[in-house]
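Participant: My file is structure-v6.pdb. It has PDB, C-alpha atoms and all ligand atoms:
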ATOM      1  CA  MET A 534     -99.119 238.163  82.383
ATOM      2  CA  ASN A 535     -96.741 240.690  83.860
ATOM      3  CA  ALA A 536     -95.857 243.270  81.246
ATOM      4  CA  LEU A 537     -92.552 245.096  81.487
ATOM      5  CA  ILE A 538     -94.298 248.416  80.881
ATOM      6  CA  GLU A 539     -97.919 249.206  81.634
ATOM      7  CA  VAL A 540     -99.344 252.591  80.785
ATOM      8  CA  HIS A 541    -102.888 253.267  81.954
ATOM      9  CA  ASN A 542    -104.845 256.319  80.755
ATOM     10  CA  LEU A 543    -101.755 258.505  80.957
ATOM     11  CA  GLY A 544    -102.158 262.268  80.817
ATOM     12  CA  ILE A 545     -99.236 264.716  80.856
ATOM     13  CA  ALA A 546     -99.287 268.496  80.599
ATOM     14  CA  TYR A 547     -96.531 271.114  80.466
ATOM     15  CA  ARG A 548     -96.923 274.197  82.596
ATOM     16  CA  GLN A 549     -95.609 277.478  81.262
ATOM     17  CA  GLY A 550     -96.595 280.279  83.578
ATOM     18  CA  ALA A 551    -100.359 280.238  83.772
ATOM     19  CA  GLN A 552    -100.581 278.157  80.604
ATOM     20  CA  HIS A 553    -101.026 274.385  80.431
ATOM     21  CA  THR A 554    -100.242 272.458  77.261
ATOM     22  CA  GLN A 555    -101.827 269.019  77.351
ATOM     23  CA  ALA A 556     -99.115 266.964  75.606
ATOM     24  CA  VAL A 557    -100.484 263.465  76.262
ATOM     25  CA  THR A 558    -104.130 262.479  76.792
ATOM     26  CA  ASP A 559    -105.578 259.110  77.810
ATOM     27  CA  VAL A 560    -102.759 256.958  76.442
ATOM     28  CA  SER A 561    -102.817 253.259  77.382
ATOM     29  CA  PHE A 562    -100.581 250.445  76.179
ATOM     30  CA  SER A 563     -98.377 247.684  77.462
ATOM     31  CA  LEU A 564     -95.066 246.227  76.387
ATOM     32  CA  ALA A 565     -94.058 242.614  77.013
ATOM     33  CA  GLN A 566     -90.549 241.288  77.535
ATOM     34  CA  GLY A 567     -88.889 240.683  74.185
ATOM     35  CA  GLU A 568     -91.485 242.639  72.235
ATOM     36  CA  THR A 569     -90.727 245.423  69.756
ATOM     37  CA  LEU A 570     -93.187 248.280  69.819
ATOM     38  CA  ALA A 571     -93.140 251.405  67.660
ATOM     39  CA  ILE A 572     -94.696 254.767  68.432
ATOM     40  CA  VAL A 573     -95.302 256.759  65.261
ATOM     41  CA  GLY A 574     -96.636 260.262  64.834
ATOM     42  CA  GLU A 575     -95.976 263.697  63.464
ATOM     43  CA  SER A 576     -93.765 266.210  65.236
ATOM     44  CA  GLY A 577     -95.335 267.386  68.484
ATOM     45  CA  SER A 578     -97.707 264.417  68.777
ATOM     46  CA  GLY A 579     -96.291 263.493  72.207
ATOM     47  CA  LYS A 580     -93.926 260.596  71.407
ATOM     48  CA  THR A 581     -90.916 261.889  73.326
ATOM     49  CA  THR A 582     -93.103 262.976  76.239
ATOM     50  CA  VAL A 583     -94.334 259.375  76.617
ATOM     51  CA  ALA A 584     -90.765 258.042  76.336
ATOM     52  CA  ASN A 585     -89.401 260.523  78.865
ATOM     53  CA  ALA A 586     -92.202 259.635  81.258
ATOM     54  CA  MET A 587     -91.156 255.972  81.029
ATOM     55  CA  LEU A 588     -87.581 257.007  81.802
ATOM     56  CA  GLY A 589     -88.598 259.245  84.700
ATOM     57  CA  LEU A 590     -86.981 262.082  82.771
ATOM     58  CA  LEU A 591     -89.781 264.617  82.401
ATOM     59  CA  PRO A 592     -88.750 268.211  83.119
ATOM     60  CA  ASP A 593     -90.046 269.924  86.268
ATOM     61  CA  SER A 594     -92.584 271.808  84.164
ATOM     62  CA  ALA A 595     -94.349 268.543  83.279
ATOM     63  CA  VAL A 596     -97.334 267.424  85.340
ATOM     64  CA  LEU A 597     -98.880 263.981  85.400
ATOM     65  CA  THR A 598    -102.521 264.955  84.998
ATOM     66  CA  ALA A 599    -103.999 261.464  84.891
ATOM     67  CA  GLY A 600    -103.296 257.765  84.881
ATOM     68  CA  ARG A 601    -100.461 255.470  85.862
ATOM     69  CA  LEU A 602     -97.173 254.290  84.444
ATOM     70  CA  VAL A 603     -95.729 251.045  85.769
ATOM     71  CA  VAL A 604     -92.182 250.012  84.806
ATOM     72  CA  ALA A 605     -91.019 246.537  85.894
ATOM     73  CA  GLY A 606     -93.665 246.518  88.622
ATOM     74  CA  GLN A 607     -92.762 250.003  89.942
ATOM     75  CA  ASP A 608     -95.377 252.739  89.787
ATOM     76  CA  LEU A 609     -93.384 255.720  88.558
ATOM     77  CA  SER A 610     -95.769 258.319  89.985
ATOM     78  CA  GLN A 611     -94.898 256.974  93.449
ATOM     79  CA  ALA A 612     -91.221 256.281  92.819
ATOM     80  CA  SER A 613     -88.383 258.260  94.378
ATOM     81  CA  GLU A 614     -85.664 259.857  92.256
ATOM     82  CA  ARG A 615     -83.311 257.085  93.435
ATOM     83  CA  VAL A 616     -85.630 254.334  92.169
ATOM     84  CA  LYS A 617     -86.082 256.146  88.866
ATOM     85  CA  ARG A 618     -82.330 256.478  88.482
ATOM     86  CA  GLN A 619     -81.944 252.738  88.964
ATOM     87  CA  LEU A 620     -84.635 252.017  86.407
ATOM     88  CA  ARG A 621     -82.760 254.181  83.917
ATOM     89  CA  GLY A 622     -79.791 252.263  82.650
ATOM     90  CA  ARG A 623     -80.512 248.972  84.396
ATOM     91  CA  THR A 624     -84.115 248.424  83.338
ATOM     92  CA  ILE A 625     -84.388 250.873  80.447
ATOM     93  CA  GLY A 626     -81.556 252.059  78.226
ATOM     94  CA  LEU A 627     -82.063 255.098  76.023
ATOM     95  CA  VAL A 628     -80.567 255.576  72.579
ATOM     96  CA  PRO A 629     -81.030 259.312  72.119
ATOM     97  CA  GLN A 630     -81.617 261.148  68.899
ATOM     98  CA  ASP A 631     -78.540 263.302  68.585
ATOM     99  CA  PRO A 632     -75.106 261.798  69.227
ATOM    100  CA  MET A 633     -73.348 265.169  69.137
ATOM    101  CA  VAL A 634     -75.476 266.508  71.976
ATOM    102  CA  SER A 635     -75.528 263.246  73.905
ATOM    103  CA  LEU A 636     -71.806 262.520  73.923
ATOM    104  CA  ASN A 637     -69.309 264.627  75.849
ATOM    105  CA  PRO A 638     -66.997 266.171  73.220
ATOM    106  CA  THR A 639     -64.094 266.491  75.675
ATOM    107  CA  GLN A 640     -64.022 262.857  76.804
ATOM    108  CA  ARG A 641     -62.696 259.787  75.069
ATOM    109  CA  ILE A 642     -65.320 257.273  73.900
ATOM    110  CA  GLY A 643     -63.947 254.561  76.178
ATOM    111  CA  VAL A 644     -64.210 256.768  79.255
ATOM    112  CA  GLN A 645     -67.831 257.560  78.492
ATOM    113  CA  ILE A 646     -68.784 253.904  78.064
ATOM    114  CA  ALA A 647     -66.817 252.970  81.194
ATOM    115  CA  GLU A 648     -68.763 255.595  83.119
ATOM    116  CA  ALA A 649     -72.047 253.983  82.078
ATOM    117  CA  LEU A 650     -70.754 250.541  83.085
ATOM    118  CA  VAL A 651     -69.559 251.797  86.483
ATOM    119  CA  LEU A 652     -72.843 253.585  87.086
ATOM    120  CA  ALA A 653     -74.776 250.416  86.292
ATOM    121  CA  ARG A 654     -72.569 248.278  88.543
ATOM    122  CA  GLY A 655     -72.722 250.818  91.360
ATOM    123  CA  GLY A 656     -68.945 251.313  91.508
ATOM    124  CA  ARG A 657     -65.593 250.878  89.817
ATOM    125  CA  TYR A 658     -64.570 247.310  89.122
ATOM    126  CA  ARG A 659     -61.723 245.336  87.600
ATOM    127  CA  GLY A 660     -62.165 244.472  83.975
ATOM    128  CA  VAL A 661     -64.160 247.555  83.070
ATOM    129  CA  ASP A 662     -61.778 248.274  80.155
ATOM    130  CA  ASN A 663     -62.350 244.798  78.895
ATOM    131  CA  ASP A 664     -66.122 245.309  79.026
ATOM    132  CA  VAL A 665     -65.743 248.598  77.128
ATOM    133  CA  GLY A 666     -63.925 246.763  74.341
ATOM    134  CA  GLU A 667     -66.533 244.047  74.283
ATOM    135  CA  LEU A 668     -69.415 246.528  74.023
ATOM    136  CA  LEU A 669     -67.667 248.416  71.213
ATOM    137  CA  ALA A 670     -67.247 245.158  69.329
ATOM    138  CA  GLN A 671     -70.849 244.154  69.993
ATOM    139  CA  VAL A 672     -72.217 247.332  68.453
ATOM    140  CA  GLY A 673     -70.197 246.620  65.344
ATOM    141  CA  LEU A 674     -67.245 249.000  65.670
ATOM    142  CA  ASP A 675     -63.978 247.839  64.202
ATOM    143  CA  ASN A 676     -60.769 248.132  66.200
ATOM    144  CA  PRO A 677     -62.348 248.690  69.647
ATOM    145  CA  THR A 678     -59.000 249.511  71.274
ATOM    146  CA  LEU A 679     -58.457 252.433  68.919
ATOM    147  CA  ARG A 680     -62.091 253.594  69.105
ATOM    148  CA  ALA A 681     -62.021 253.644  72.902
ATOM    149  CA  ARG A 682     -59.171 256.179  72.814
ATOM    150  CA  GLN A 683     -60.840 258.468  70.290
ATOM    151  CA  TYR A 684     -62.974 261.549  70.897
ATOM    152  CA  PRO A 685     -66.517 261.868  69.492
ATOM    153  CA  HIS A 686     -65.452 264.281  66.721
ATOM    154  CA  GLU A 687     -63.025 261.669  65.379
ATOM    155  CA  LEU A 688     -65.909 259.303  64.593
ATOM    156  CA  SER A 689     -68.530 259.408  61.836
ATOM    157  CA  GLY A 690     -72.186 260.036  62.671
ATOM    158  CA  GLY A 691     -72.993 256.345  62.300
ATOM    159  CA  MET A 692     -70.112 255.350  64.585
ATOM    160  CA  ARG A 693     -71.223 257.844  67.213
ATOM    161  CA  GLN A 694     -74.720 256.396  67.060
ATOM    162  CA  ARG A 695     -73.220 252.952  67.683
ATOM    163  CA  VAL A 696     -71.363 254.340  70.705
ATOM    164  CA  LEU A 697     -74.686 255.548  72.092
ATOM    165  CA  ILE A 698     -76.112 252.058  71.610
ATOM    166  CA  ALA A 699     -73.126 250.683  73.558
ATOM    167  CA  ILE A 700     -73.867 253.143  76.374
ATOM    168  CA  ALA A 701     -77.534 252.116  76.370
ATOM    169  CA  LEU A 702     -76.502 248.445  76.589
ATOM    170  CA  ALA A 703     -74.001 249.060  79.407
ATOM    171  CA  GLY A 704     -76.554 248.535  82.168
ATOM    172  CA  ASN A 705     -77.772 245.303  80.587
ATOM    173  CA  PRO A 706     -81.301 246.752  80.352
ATOM    174  CA  ARG A 707     -84.548 244.866  79.743
ATOM    175  CA  LEU A 708     -85.866 247.551  77.402
ATOM    176  CA  ILE A 709     -84.178 249.880  74.955
ATOM    177  CA  ILE A 710     -85.946 253.042  73.906
ATOM    178  CA  ALA A 711     -84.674 254.391  70.608
ATOM    179  CA  ASP A 712     -86.079 257.909  70.117
ATOM    180  CA  GLU A 713     -85.612 258.718  66.416
ATOM    181  CA  PRO A 714     -82.156 257.259  66.830
ATOM    182  CA  THR A 715     -80.954 257.555  63.279
ATOM    183  CA  SER A 716     -82.880 260.433  61.767
ATOM    184  CA  ALA A 717     -79.696 262.460  61.237
ATOM    185  CA  LEU A 718     -78.044 259.668  59.261
ATOM    186  CA  ASP A 719     -78.352 258.732  55.627
ATOM    187  CA  VAL A 720     -80.822 255.985  54.813
ATOM    188  CA  THR A 721     -78.301 253.171  54.271
ATOM    189  CA  VAL A 722     -76.429 253.829  57.514
ATOM    190  CA  GLN A 723     -79.777 254.213  59.271
ATOM    191  CA  GLN A 724     -80.933 250.791  58.034
ATOM    192  CA  ARG A 725     -77.669 249.151  59.006
ATOM    193  CA  ILE A 726     -77.737 250.578  62.526
ATOM    194  CA  LEU A 727     -81.363 249.640  63.090
ATOM    195  CA  ASP A 728     -80.603 246.133  61.779
ATOM    196  CA  HIS A 729     -77.740 245.848  64.211
ATOM    197  CA  LEU A 730     -79.806 247.130  67.115
ATOM    198  CA  GLU A 731     -82.561 244.662  66.231
ATOM    199  CA  GLY A 732     -80.090 241.783  66.163
ATOM    200  CA  LEU A 733     -78.693 242.669  69.598
ATOM    201  CA  VAL A 734     -82.148 243.048  71.043
ATOM    202  CA  ARG A 735     -83.258 239.685  69.686
ATOM    203  CA  GLU A 736     -80.095 237.946  70.901
ATOM    204  CA  ARG A 737     -80.491 239.272  74.412
ATOM    205  CA  GLY A 738     -84.299 239.012  74.610
ATOM    206  CA  ILE A 739     -84.533 242.757  75.230
ATOM    207  CA  SER A 740     -87.714 244.680  74.479
ATOM    208  CA  LEU A 741     -87.414 247.566  72.047
ATOM    209  CA  LEU A 742     -89.436 250.753  71.767
ATOM    210  CA  ILE A 743     -88.785 252.538  68.495
ATOM    211  CA  ILE A 744     -89.962 256.129  68.241
ATOM    212  CA  THR A 745     -90.196 257.481  64.746
ATOM    213  CA  HIS A 746     -92.179 259.751  62.478
ATOM    214  CA  ASP A 747     -91.692 257.217  59.673
ATOM    215  CA  LEU A 748     -94.476 254.645  59.559
ATOM    216  CA  GLY A 749     -92.399 252.619  57.090
ATOM    217  CA  VAL A 750     -89.591 252.095  59.607
ATOM    218  CA  ALA A 751     -92.153 251.226  62.278
ATOM    219  CA  ALA A 752     -94.120 248.745  60.177
ATOM    220  CA  ASP A 753     -90.942 247.099  59.011
ATOM    221  CA  ARG A 754     -89.528 246.435  62.451
ATOM    222  CA  ALA A 755     -92.197 246.367  65.146
ATOM    223  CA  ASP A 756     -94.514 243.641  66.425
ATOM    224  CA  ARG A 757     -97.076 246.311  67.215
ATOM    225  CA  VAL A 758     -97.485 249.913  66.127
ATOM    226  CA  LEU A 759     -99.062 252.776  68.053
ATOM    227  CA  VAL A 760     -99.967 255.899  66.111
ATOM    228  CA  MET A 761    -100.149 259.167  68.057
ATOM    229  CA  LYS A 762    -101.810 262.394  67.032
ATOM    230  CA  SER A 763    -102.076 265.500  69.205
ATOM    231  CA  GLY A 764    -101.208 263.507  72.309
ATOM    232  CA  ARG A 765    -103.729 260.722  71.753
ATOM    233  CA  LEU A 766    -103.428 257.161  70.455
ATOM    234  CA  VAL A 767    -105.370 256.991  67.216
ATOM    235  CA  GLU A 768    -104.306 253.514  66.061
ATOM    236  CA  HIS A 769    -102.996 250.448  67.824
ATOM    237  CA  GLY A 770    -102.304 247.132  66.163
ATOM    238  CA  THR A 771     -99.925 244.919  64.260
ATOM    239  CA  PRO A 772     -98.240 246.594  61.272
ATOM    240  CA  GLN A 773    -100.505 244.554  58.976
ATOM    241  CA  GLN A 774    -103.625 245.817  60.749
ATOM    242  CA  VAL A 775    -102.519 249.434  60.786
ATOM    243  CA  LEU A 776    -101.352 249.432  57.170
ATOM    244  CA  ALA A 777    -104.247 247.442  55.738
ATOM    245  CA  LYS A 778    -107.043 249.034  57.737
ATOM    246  CA  PRO A 779    -106.058 252.468  58.941
ATOM    247  CA  THR A 780    -109.040 253.860  60.821
ATOM    248  CA  GLN A 781    -107.936 257.494  60.560
ATOM    249  CA  PRO A 782    -107.231 259.785  57.609
ATOM    250  CA  TYR A 783    -104.173 260.849  59.643
ATOM    251  CA  THR A 784    -102.744 257.324  59.419
ATOM    252  CA  ARG A 785    -103.364 257.245  55.677
ATOM    253  CA  ALA A 786    -101.435 260.502  55.429
ATOM    254  CA  LEU A 787     -98.543 258.943  57.401
ATOM    255  CA  ILE A 788     -98.595 255.941  55.067
ATOM    256  CA  ALA A 789     -98.481 258.261  52.082
ATOM    257  CA  ALA A 790     -95.604 260.204  53.645
ATOM    258  CA  ALA A 791     -93.463 257.162  54.504
ATOM    259  CA  PRO A 792     -90.482 257.052  52.140
ATOM    260  CA  ALA A 793     -90.359 253.259  52.308
ATOM    261  CA  PHE A 794     -93.785 252.949  50.716
ATOM    262  CA  ALA A 795     -93.143 255.556  48.074
ATOM    263  CA  GLU A 796     -90.039 254.020  46.472
ATOM    264  CA  PRO A 797     -88.839 250.471  46.029
ATOM    265  CA  ARG A 798     -86.723 249.472  49.019
ATOM    266  CA  ALA A 799     -83.058 248.711  48.668
ATOM    267  CA  PRO A 800     -82.371 245.177  49.897
ATOM    268  CA  ARG A 801     -81.261 245.203  53.506
ATOM    269  CA  ALA A 802     -78.004 243.658  54.599
ATOM    270  CA  ALA A 803     -78.549 240.940  57.189
TER
HETATM  271  N1  LIG B 901     -90.293 270.931  77.829
HETATM  272  C1  LIG B 901     -91.460 271.275  77.279
HETATM  273  N2  LIG B 901     -92.135 272.382  77.693
HETATM  274  C2  LIG B 901     -93.320 272.745  77.158
HETATM  275  N3  LIG B 901     -93.937 272.061  76.177
HETATM  276  C3  LIG B 901     -93.326 270.948  75.708
HETATM  277  C4  LIG B 901     -92.055 270.501  76.231
HETATM  278  N4  LIG B 901     -91.698 269.377  75.571
HETATM  279  C5  LIG B 901     -92.684 269.139  74.691
HETATM  280  N5  LIG B 901     -93.667 270.069  74.763
HETATM  281  C6  LIG B 901     -94.920 270.107  73.970
HETATM  282  O1  LIG B 901     -95.586 268.877  74.150
HETATM  283  C7  LIG B 901     -96.109 268.386  72.917
HETATM  284  C8  LIG B 901     -95.519 267.019  72.606
HETATM  285  O2  LIG B 901     -94.124 267.151  72.365
HETATM  286  P1  LIG B 901     -93.150 265.920  72.147
HETATM  287  O3  LIG B 901     -91.775 266.436  72.175
HETATM  288  O4  LIG B 901     -93.517 264.851  73.104
HETATM  289  O5  LIG B 901     -93.556 265.471  70.674
HETATM  290  P2  LIG B 901     -92.830 264.464  69.678
HETATM  291  O6  LIG B 901     -93.915 263.612  69.106
HETATM  292  O7  LIG B 901     -91.706 263.784  70.351
HETATM  293  O8  LIG B 901     -92.295 265.435  68.539
HETATM  294  P3  LIG B 901     -90.959 265.329  67.599
HETATM  295  O9  LIG B 901     -91.291 264.331  66.520
HETATM  296  O10 LIG B 901     -90.807 266.702  67.082
HETATM  297  O11 LIG B 901     -89.803 264.883  68.457
HETATM  298  C9  LIG B 901     -95.796 269.464  71.896
HETATM  299  O12 LIG B 901     -96.920 270.302  71.796
HETATM  300  C10 LIG B 901     -94.617 270.192  72.482
HETATM  301  O13 LIG B 901     -94.599 271.531  72.058
HETATM  302 MG    MG B 902     -89.615 263.693  69.953
END
Translate this file's structure into structure tokens.
Facilitator:
Amino acid sequence: MNALIEVHNLGIAYRQGAQHTQAVTDVSFSLAQGETLAIVGESGSGKTTVANAMLGLLPDSAVLTAGRLVVAGQDLSQASERVKRQLRGRTIGLVPQDPMVSLNPTQRIGVQIAEALVLARGGRYRGVDNDVGELLAQVGLDNPTLRARQYPHELSGGMRQRVLIAIALAGNPRLIIADEPTSALDVTVQQRILDHLEGLVRERGISLLIITHDLGVAADRADRVLVMKSGRLVEHGTPQQVLAKPTQPYTRALIAAAPAFAEPRAPRAA
């Protein structure tokens, strides 16, 4: 079977002067088309480093110390910047953590989504405004015509997060990486946005990689869960396996810390 993502014994370090921080060590996993995978772990465990490596977005200070990362058949360690740029957007869309940082405060929402569409198509085209409206509607924003003319500060946090999902969808990607996409939002809005994202992903047969520190969110939504600690994979299995038979005290601590397991869950809107 040809997986969309194959990660083999990946090692990544950050160089700071003479110092090397090993951020990721011997990480291997694969992700199939249409599958939802979650990477869970405490702050600093290496989740974003793995995601950025998949996006070809590691900073210059990062060094691939071992292993291979293959995205849609392309070995990223061999790929040119041009190939990586094409993979971003068209093969993988990113829903980043912080909408305020990720959106341009001086540009209207519609312009920013149009830019993503034009980038994905490789040039301006007729009907781009129409596509902007359609994407805004798809991510569940009311009155797309009005929203397209608004600036980020005129929208709520949840709405801005939906705009970022629209931008991630603009290139019609095969995988969406959601790196703690809703951690700044209140729990109800967070649930609603993740529900919506899940629906879109299922409809389009897109794979989803959810990155979170909350094992409850991961277990609830993913087909498989990877648990990272200090740059290594310490658990790998279905949510049932990881929750029922955690092999590490660390995982038991994450289970204990997950808000979803501590309190009764509010029913989720479909
Ligand atoms: N640009 C960087 N330069 C140097 N070290 C870095 C850089 N980015 C991350 N690191 C280090 O690499 C390790 C992994 O960080 P990473 O951001 O991948 O963790 P994370 O699991 O995403 O954490 P969080 O939950 O806080 O987002 C940490 O020790 C971090 O300090
Ligand atoms: Mg992170």
Participant: Between CA of Val720 in chain A and CA of Arg737 in chain A, what is the distance, to one decimal in Å?
Facilitator: 25.8 Å
Participant: What does the list of residues within 12 Å of ligand MG 902 (chain B) look like if you count only C-alpha atoms and all ligand atoms, written as a VMD selection string?
Facilitator: chain A and resid 556 572 to 585 629 to 631 710 to 714 716 743 to 746 761 764
Participant: Would you mind exporting the chosen residues as an mmCIF file, keeping the file's coordinate frame, restricted to C-alpha atoms?
Facilitator:
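What follows is the written file selection_3.cif:
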data_model
loop_
_atom_site.group_PDB
_atom_site.id
_atom_site.type_symbol
_atom_site.label_atom_id
_atom_site.label_comp_id
_atom_site.auth_asym_id
_atom_site.auth_seq_id
_atom_site.Cartn_x
_atom_site.Cartn_y
_atom_site.Cartn_z
ATOM 1 C CA ALA A 556 -99.115 266.964 75.606
ATOM 2 C CA ILE A 572 -94.696 254.767 68.432
ATOM 3 C CA VAL A 573 -95.302 256.759 65.261
ATOM 4 C CA GLY A 574 -96.636 260.262 64.834
ATOM 5 C CA GLU A 575 -95.976 263.697 63.464
ATOM 6 C CA SER A 576 -93.765 266.210 65.236
ATOM 7 C CA GLY A 577 -95.335 267.386 68.484
ATOM 8 C CA SER A 578 -97.707 264.417 68.777
ATOM 9 C CA GLY A 579 -96.291 263.493 72.207
ATOM 10 C CA LYS A 580 -93.926 260.596 71.407
ATOM 11 C CA THR A 581 -90.916 261.889 73.326
ATOM 12 C CA THR A 582 -93.103 262.976 76.239
ATOM 13 C CA VAL A 583 -94.334 259.375 76.617
ATOM 14 C CA ALA A 584 -90.765 258.042 76.336
ATOM 15 C CA ASN A 585 -89.401 260.523 78.865
ATOM 16 C CA PRO A 629 -81.030 259.312 72.119
ATOM 17 C CA GLN A 630 -81.617 261.148 68.899
ATOM 18 C CA ASP A 631 -78.540 263.302 68.585
ATOM 19 C CA ILE A 710 -85.946 253.042 73.906
ATOM 20 C CA ALA A 711 -84.674 254.391 70.608
ATOM 21 C CA ASP A 712 -86.079 257.909 70.117
ATOM 22 C CA GLU A 713 -85.612 258.718 66.416
ATOM 23 C CA PRO A 714 -82.156 257.259 66.830
ATOM 24 C CA SER A 716 -82.880 260.433 61.767
ATOM 25 C CA ILE A 743 -88.785 252.538 68.495
ATOM 26 C CA ILE A 744 -89.962 256.129 68.241
ATOM 27 C CA THR A 745 -90.196 257.481 64.746
ATOM 28 C CA HIS A 746 -92.179 259.751 62.478
ATOM 29 C CA MET A 761 -100.149 259.167 68.057
ATOM 30 C CA GLY A 764 -101.208 263.507 72.309
#
Participant: Give me, as a tab-separated table (two decimals) with C-alpha atoms, in the coordinates of the input, all polymer residues having an atom no more than 12 Å from Glu648 in chain A, counting only C-alpha atoms and skipping those fewer than 5 positions away in the same chain.
Facilitator:
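Just written: around.tsv:
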chain	number	residue	atom	x	y	z
A	622	GLY	CA	-79.79	252.26	82.65
A	636	LEU	CA	-71.81	262.52	73.92
A	637	ASN	CA	-69.31	264.63	75.85
A	640	GLN	CA	-64.02	262.86	76.80
A	641	ARG	CA	-62.70	259.79	75.07
A	642	ILE	CA	-65.32	257.27	73.90
A	643	GLY	CA	-63.95	254.56	76.18
A	653	ALA	CA	-74.78	250.42	86.29
A	654	ARG	CA	-72.57	248.28	88.54
A	655	GLY	CA	-72.72	250.82	91.36
A	656	GLY	CA	-68.94	251.31	91.51
A	657	ARG	CA	-65.59	250.88	89.82
A	658	TYR	CA	-64.57	247.31	89.12
A	661	VAL	CA	-64.16	247.56	83.07
A	662	ASP	CA	-61.78	248.27	80.16
A	664	ASP	CA	-66.12	245.31	79.03
A	665	VAL	CA	-65.74	248.60	77.13
A	699	ALA	CA	-73.13	250.68	73.56
A	700	ILE	CA	-73.87	253.14	76.37
A	701	ALA	CA	-77.53	252.12	76.37
A	703	ALA	CA	-74.00	249.06	79.41
A	704	GLY	CA	-76.55	248.54	82.17
Participant: Which protein, DNA or RNA residues have an atom at most 10 Å from (-92.2, 242.9, 73.5), counting only C-alpha atoms? List them as a count of residues only.
Facilitator: 20
Participant: To one decimal place, how far is CA of Ile545 in chain A from atom O1 of ligand LIG 901 (chain B) in Å?
Facilitator: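 Going from CA of Ile545 in chain A over to atom O1 of ligand LIG 901 (chain B) covers 8.7 Å.
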Participant: Kindly indicate which residue among A:Val696, A:Val672, A:Ile646, A:Ala789 lies nearest to Glu731 in chain A, using only C-alpha atoms for the distances.
Facilitator: A:Val672
Participant: Centre and edge lengths, as AutoDock Vina command-line options, for the axis-aligned box enclosing every listed atom of range 740-759 of chain A with 4 Å of padding on each of the six sides, in Å to one decimal?
Facilitator:
--center_x -93.2 --center_y 251.7 --center_z 65.8 --size_x 19.6 --size_y 24.1 --size_z 25.4
Participant: Can you work out which one of A:Thr639, A:Leu588, A:Tyr684, A:Leu748 has the shortest atom-to-atom distance to Lys617 in chain A, counting all atoms listed in the file?
Facilitator: A:Leu588
Participant: Considering only C-alpha atoms, can you say which of A:Glu539, A:Glu614, A:Glu736, A:Asp728 comes closest to Gly600 in chain A?
Facilitator: A:Glu539
